[in-house]
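What follows is a short report on a single structure.
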Amino acid sequence: MILGFFGFCLIFAATPVRKSKKRASKDDKVYLNHADVLRYDLYGPNPDVQIAKGRVHFIHQGAHLWCDSAYYYESSNSVKAFGHVRFKQGDTLSLTCDKGTYDGSEELMTASKNVVLKHRRQTLYTDSLTYDRLYHTAYFVDGGKLVDGKDNLVSDWGQYNTETRQAIFFYDVKLYNGNRLVTTDTLYYDTQKSIAHVVGPSKVTSQGSTIDTDNGYFNTKTDQAQMYGRSTVVDQQKTITGDSLFYDDKSGYSEAFGNVIYVDLENKNELNCDHLIYNEQTGTGFATKRALVKDFSQRDTLYMHGDSIKIYTFHLNTDSAYRKIHCFQHVRAYRNDVQAVCDSMVYSSKDSCMTMYQDPIVWSEGRQLLGDEIRVYLNDSTIRMAHIIGQALSIEKVDEEEHFNQISSKEMTAFFEDGNIRRAISSGNVRAIYYPIDEKDTSIIVMDYTETDTMKMYFSAERKLEKIWMPKAEGTWYPLTQIPSGKEKLEQFAWLEELRPINKDDVFNWRGKRNKNE
């Protein structure tokens, strides 16, 4: 009973409501123009019926109806036609079927069996059709197919307006367009513009790509799509989801707005933002508004945020494909073993290198690195190497008493194993402050200040200094109680722990340098 009620509602929705419409003053009579044989059955059940046979032709208000035989009801101004039924209205509309009924008073043509309605370049096929001349609408409720050039639309119920050339299809709708298939339960189709509008859960498949949407517009001529509501485009191993999407299948261009999620399983990265432009054919993209890159190509995920993010892909669709991600302005990055802030950064998936410019700061465990340019190379789950170019400064917090190991130089390279520094090379105007720790009671007794041109430091797995190599050096040892004022820190010392991202969500919270630390 419930199914029957909903079925009735959908049929009613597909059928135009025939309100009273003012007709032009003209002759409403259906005229029998020709028949080879015409007779009355005066003693039959319908004595008022005229039976016409052989090349039967009726005319009504400029429309023509031909058939092999017909019952002509002159009193009710209607016709029942049989065999090779053909209906024509003007030069743009024709209908053929095996059986039909025409009501001249209501201007309704009802056709059944092998029905073909042609209007301009559109052709509608069905087994049961009603054409309303007054409202210029043809509708079917028992399955039909509309052919419009290379577009084929199939559904259980539907209607087509010959004046507006708009079509509506309901339930189990399929739109075939070359290699593209659209499936939905409700589809509006503009035959003049070749634009299909789907409503409700819908899917579009085409050459390996899939689109899921609840409200989408598809131009079958230009292969462009506009989707609203939460929609998703899946192209092989790449997925874009957003509150609204624009997609051009020919050019590969796509644009997304509102809580956008772009996932590339092939390159193992994800991009979140509120506005994304991406071209799948070139592998280039641009993201703004809370843009966040997640790189999960290694065991530990790297999170990178910037005001704007650009994506470049090299050797696209090859085994050697890799990406460069450019983040600029208010850049913050977080991974369990390394954190960073700067004004602009480039991350390359080819060598897992982060290159940072303009006030870059990098933290790893208790160590902080500063310089004009910093390059950090990552392993699966740990930092592998850090290269600092220009005004290099390395600071390591030794204890809670604000003692810091410090090295400054023109250039510095640090090598890490399992997240711990094992070797460091500093060159060019090297100055160092070091606090040796007594192995017996882990206390600090003296401070070592050294100046040299090149310094190589080697550390144990426990991060203890094992060896230092210098070609020539000048230095001084100061007992902790006799360190001259200001000598405990280098001139360029700046401990910026308050700027450090503390987790993956903190990358959105920009904290700039204070004036004293500029």
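How things are named: the first chain in the structure tokens is A, the next is B, and so on; residues count from 1 in each chain; ligands count from 1 in the order shown.
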
Margin query: Need the shell around stretch 373-383 of chain A: protein/DNA/RNA residues with any atom at most 7 Å away, counting only C-alpha atoms. Skip same-chain ones fewer than 2 positions apart. Format as a list in words?
Written below: Gln298, Arg299, Asp300, Asp337, Val338, Ser352, Cys353, Met354, Thr355, Met356, Tyr357, Pro360, Gly371, Met385, Ala386, His387, Ile388, Ile389, Gly390, Phe416, Asp418 and Gly419 of chain A

For stretch 428-439 of chain A, please output as a PDB file with N, CA and C atoms, in the first residue's frame all residues within 9 Å (counting only C-alpha atoms; exclusion window: fewer than 5 positions along the same chain).
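Result file is part_34.pdb:
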ATOM      1  N   VAL A 398      70.627  22.407  27.723  1.00  0.00           N
ATOM      2  CA  VAL A 398      71.341  21.378  28.479  1.00  0.00           C
ATOM      3  C   VAL A 398      70.577  20.974  29.729  1.00  0.00           C
ATOM      4  N   HIS A 403      71.097  26.661  30.792  1.00  0.00           N
ATOM      5  CA  HIS A 403      72.401  26.488  30.151  1.00  0.00           C
ATOM      6  C   HIS A 403      72.175  25.925  28.755  1.00  0.00           C
ATOM      7  N   PHE A 404      72.822  26.532  27.758  1.00  0.00           N
ATOM      8  CA  PHE A 404      72.614  26.146  26.373  1.00  0.00           C
ATOM      9  C   PHE A 404      73.949  25.908  25.686  1.00  0.00           C
ATOM     10  N   ASN A 405      74.074  24.774  25.000  1.00  0.00           N
ATOM     11  CA  ASN A 405      75.195  24.567  24.077  1.00  0.00           C
ATOM     12  C   ASN A 405      74.887  25.346  22.806  1.00  0.00           C
ATOM     13  N   GLN A 406      75.882  26.105  22.302  1.00  0.00           N
ATOM     14  CA  GLN A 406      75.633  26.986  21.171  1.00  0.00           C
ATOM     15  C   GLN A 406      76.787  26.918  20.170  1.00  0.00           C
ATOM     16  N   ILE A 407      76.430  26.924  18.890  1.00  0.00           N
ATOM     17  CA  ILE A 407      77.442  27.004  17.841  1.00  0.00           C
ATOM     18  C   ILE A 407      76.921  27.975  16.779  1.00  0.00           C
ATOM     19  N   SER A 408      77.739  28.928  16.380  1.00  0.00           N
ATOM     20  CA  SER A 408      77.402  29.816  15.272  1.00  0.00           C
ATOM     21  C   SER A 408      78.504  29.741  14.228  1.00  0.00           C
ATOM     22  N   SER A 409      78.104  29.862  12.950  1.00  0.00           N
ATOM     23  CA  SER A 409      79.074  29.811  11.847  1.00  0.00           C
ATOM     24  C   SER A 409      78.382  30.304  10.583  1.00  0.00           C
ATOM     25  N   LYS A 410      79.134  30.369   9.506  1.00  0.00           N
ATOM     26  CA  LYS A 410      78.541  30.763   8.229  1.00  0.00           C
ATOM     27  C   LYS A 410      77.697  29.634   7.642  1.00  0.00           C
ATOM     28  N   GLU A 411      78.152  28.400   7.853  1.00  0.00           N
ATOM     29  CA  GLU A 411      77.437  27.245   7.296  1.00  0.00           C
ATOM     30  C   GLU A 411      77.570  26.086   8.270  1.00  0.00           C
ATOM     31  N   MET A 412      76.525  25.250   8.309  1.00  0.00           N
ATOM     32  CA  MET A 412      76.523  24.149   9.256  1.00  0.00           C
ATOM     33  C   MET A 412      75.757  22.968   8.663  1.00  0.00           C
ATOM     34  N   ILE A 444      77.161  20.183  35.804  1.00  0.00           N
ATOM     35  CA  ILE A 444      77.944  21.069  34.950  1.00  0.00           C
ATOM     36  C   ILE A 444      78.925  21.833  35.821  1.00  0.00           C
ATOM     37  N   ILE A 445      80.189  21.794  35.449  1.00  0.00           N
ATOM     38  CA  ILE A 445      81.232  22.439  36.248  1.00  0.00           C
ATOM     39  C   ILE A 445      81.783  23.669  35.559  1.00  0.00           C
ATOM     40  N   VAL A 446      82.021  23.555  34.238  1.00  0.00           N
ATOM     41  CA  VAL A 446      82.663  24.651  33.513  1.00  0.00           C
ATOM     42  C   VAL A 446      81.896  24.969  32.241  1.00  0.00           C
ATOM     43  N   MET A 447      82.245  26.078  31.615  1.00  0.00           N
ATOM     44  CA  MET A 447      81.769  26.463  30.295  1.00  0.00           C
ATOM     45  C   MET A 447      82.972  26.613  29.373  1.00  0.00           C
ATOM     46  N   ASP A 448      82.895  26.026  28.194  1.00  0.00           N
ATOM     47  CA  ASP A 448      83.994  26.074  27.231  1.00  0.00           C
ATOM     48  C   ASP A 448      83.607  27.014  26.098  1.00  0.00           C
ATOM     49  N   TYR A 449      84.392  28.071  25.889  1.00  0.00           N
ATOM     50  CA  TYR A 449      84.170  28.989  24.770  1.00  0.00           C
ATOM     51  C   TYR A 449      85.296  28.804  23.760  1.00  0.00           C
ATOM     52  N   THR A 450      84.945  28.579  22.473  1.00  0.00           N
ATOM     53  CA  THR A 450      85.936  28.295  21.444  1.00  0.00           C
ATOM     54  C   THR A 450      85.660  29.109  20.187  1.00  0.00           C
ATOM     55  N   GLU A 451      86.750  29.558  19.513  1.00  0.00           N
ATOM     56  CA  GLU A 451      86.677  30.197  18.207  1.00  0.00           C
ATOM     57  C   GLU A 451      87.597  29.458  17.260  1.00  0.00           C
ATOM     58  N   THR A 452      87.089  29.165  16.047  1.00  0.00           N
ATOM     59  CA  THR A 452      87.883  28.448  15.055  1.00  0.00           C
ATOM     60  C   THR A 452      87.299  28.701  13.674  1.00  0.00           C
ATOM     61  N   ASP A 453      87.922  28.103  12.668  1.00  0.00           N
ATOM     62  CA  ASP A 453      87.419  28.243  11.298  1.00  0.00           C
ATOM     63  C   ASP A 453      86.549  27.067  10.906  1.00  0.00           C
ATOM     64  N   THR A 454      86.892  25.878  11.380  1.00  0.00           N
ATOM     65  CA  THR A 454      86.129  24.661  11.077  1.00  0.00           C
ATOM     66  C   THR A 454      86.050  23.804  12.336  1.00  0.00           C
ATOM     67  N   MET A 455      84.858  23.257  12.576  1.00  0.00           N
ATOM     68  CA  MET A 455      84.690  22.403  13.741  1.00  0.00           C
ATOM     69  C   MET A 455      83.866  21.177  13.342  1.00  0.00           C
ATOM     70  N   LYS A 464      75.841  12.283  23.737  1.00  0.00           N
ATOM     71  CA  LYS A 464      76.983  12.814  24.466  1.00  0.00           C
ATOM     72  C   LYS A 464      78.122  13.115  23.503  1.00  0.00           C
ATOM     73  N   LEU A 465      78.798  14.223  23.719  1.00  0.00           N
ATOM     74  CA  LEU A 465      79.911  14.605  22.859  1.00  0.00           C
ATOM     75  C   LEU A 465      81.079  13.643  23.072  1.00  0.00           C
ATOM     76  N   LYS A 487      78.950  36.527  28.699  1.00  0.00           N
ATOM     77  CA  LYS A 487      79.723  35.533  27.965  1.00  0.00           C
ATOM     78  C   LYS A 487      79.010  34.179  27.868  1.00  0.00           C
ATOM     79  N   GLU A 488      77.960  33.960  28.652  1.00  0.00           N
ATOM     80  CA  GLU A 488      77.293  32.648  28.662  1.00  0.00           C
ATOM     81  C   GLU A 488      76.443  32.414  27.415  1.00  0.00           C
ATOM     82  N   LYS A 489      76.259  33.478  26.622  1.00  0.00           N
ATOM     83  CA  LYS A 489      75.478  33.343  25.399  1.00  0.00           C
ATOM     84  C   LYS A 489      76.157  34.092  24.269  1.00  0.00           C
ATOM     85  N   LEU A 490      76.048  33.527  23.046  1.00  0.00           N
ATOM     86  CA  LEU A 490      76.582  34.213  21.868  1.00  0.00           C
ATOM     87  C   LEU A 490      75.735  35.439  21.561  1.00  0.00           C
TER      88      LEU A 490
END

Next item on the list: Check the smallest atom-to-atom distance from each of A:Ser251, A:Lys53, A:Lys29, A:Ala35 to A:Glu74 using only C-alpha atoms, then report the winner.
Entry: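 Looking only at the distances to A:Glu74, the closest residue turns out to be A:Lys29.
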
Checklist line | d(atom CA of A:Gln281, atom CA of A:Ile325) in Å | finding: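 Calculated distance between atom CA of A:Gln281 and atom CA of A:Ile325 is 17.0 Å.
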
Next item on the list: Skip A:Phe508 itself and residues of its chain fewer than 3 positions away, then list as an MDAnalysis selection string all residues within 10 Å of it, counting only C-alpha atoms.
Entry: chainID A and resid 290:292 304:307 330:333 501 504:505 511

Item checked: Nearest-residue call for A:Thr222, choices A:Thr481, A:Lys193, A:Gln207, A:Asp27, using only C-alpha atoms ->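 Selected residue with least distance to A:Thr222: A:Lys193.
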
Item checked: Residues within 6 Å of stretch 262-268 of chain A, only C-alpha atoms, excluding chain neighbours under 2 positions, as a list of chain:residue names ->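 Surrounding residues, per the criterion: A:Gln237, A:Lys238, A:Thr239, A:Ile240, A:Glu270, A:Leu271, A:Phe296, A:Ser297.
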
Margin query: as an MDAnalysis selection string, please: every residue in stretch 37-281 of chain A that a backbone DSSP assignment puts in strand (DSSP E).
Written below: chainID A and resid 37:40 49:60 63:73 78:89 93:103 108:119 122:132 137:140 144:148 151:155 157:161 166:177 180:190 195:206 209:219 224:235 238:248 253:264 269:279

Check: How far is it from atom CA of A:Gln358 to atom CA of A:Asp343, in Å with one decimal?
Finding: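 Result for atom CA of A:Gln358 versus atom CA of A:Asp343: 5.4 Å, one decimal.
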
Note to self: Quick one: residues within 12 Å of A:Gly104, only C-alpha atoms, excluding same-chain residues fewer than 5 positions away - as a PyMOL selection string?
What the structure shows: chain A and resi 27-31+58-65+72-80+109-110+132-134
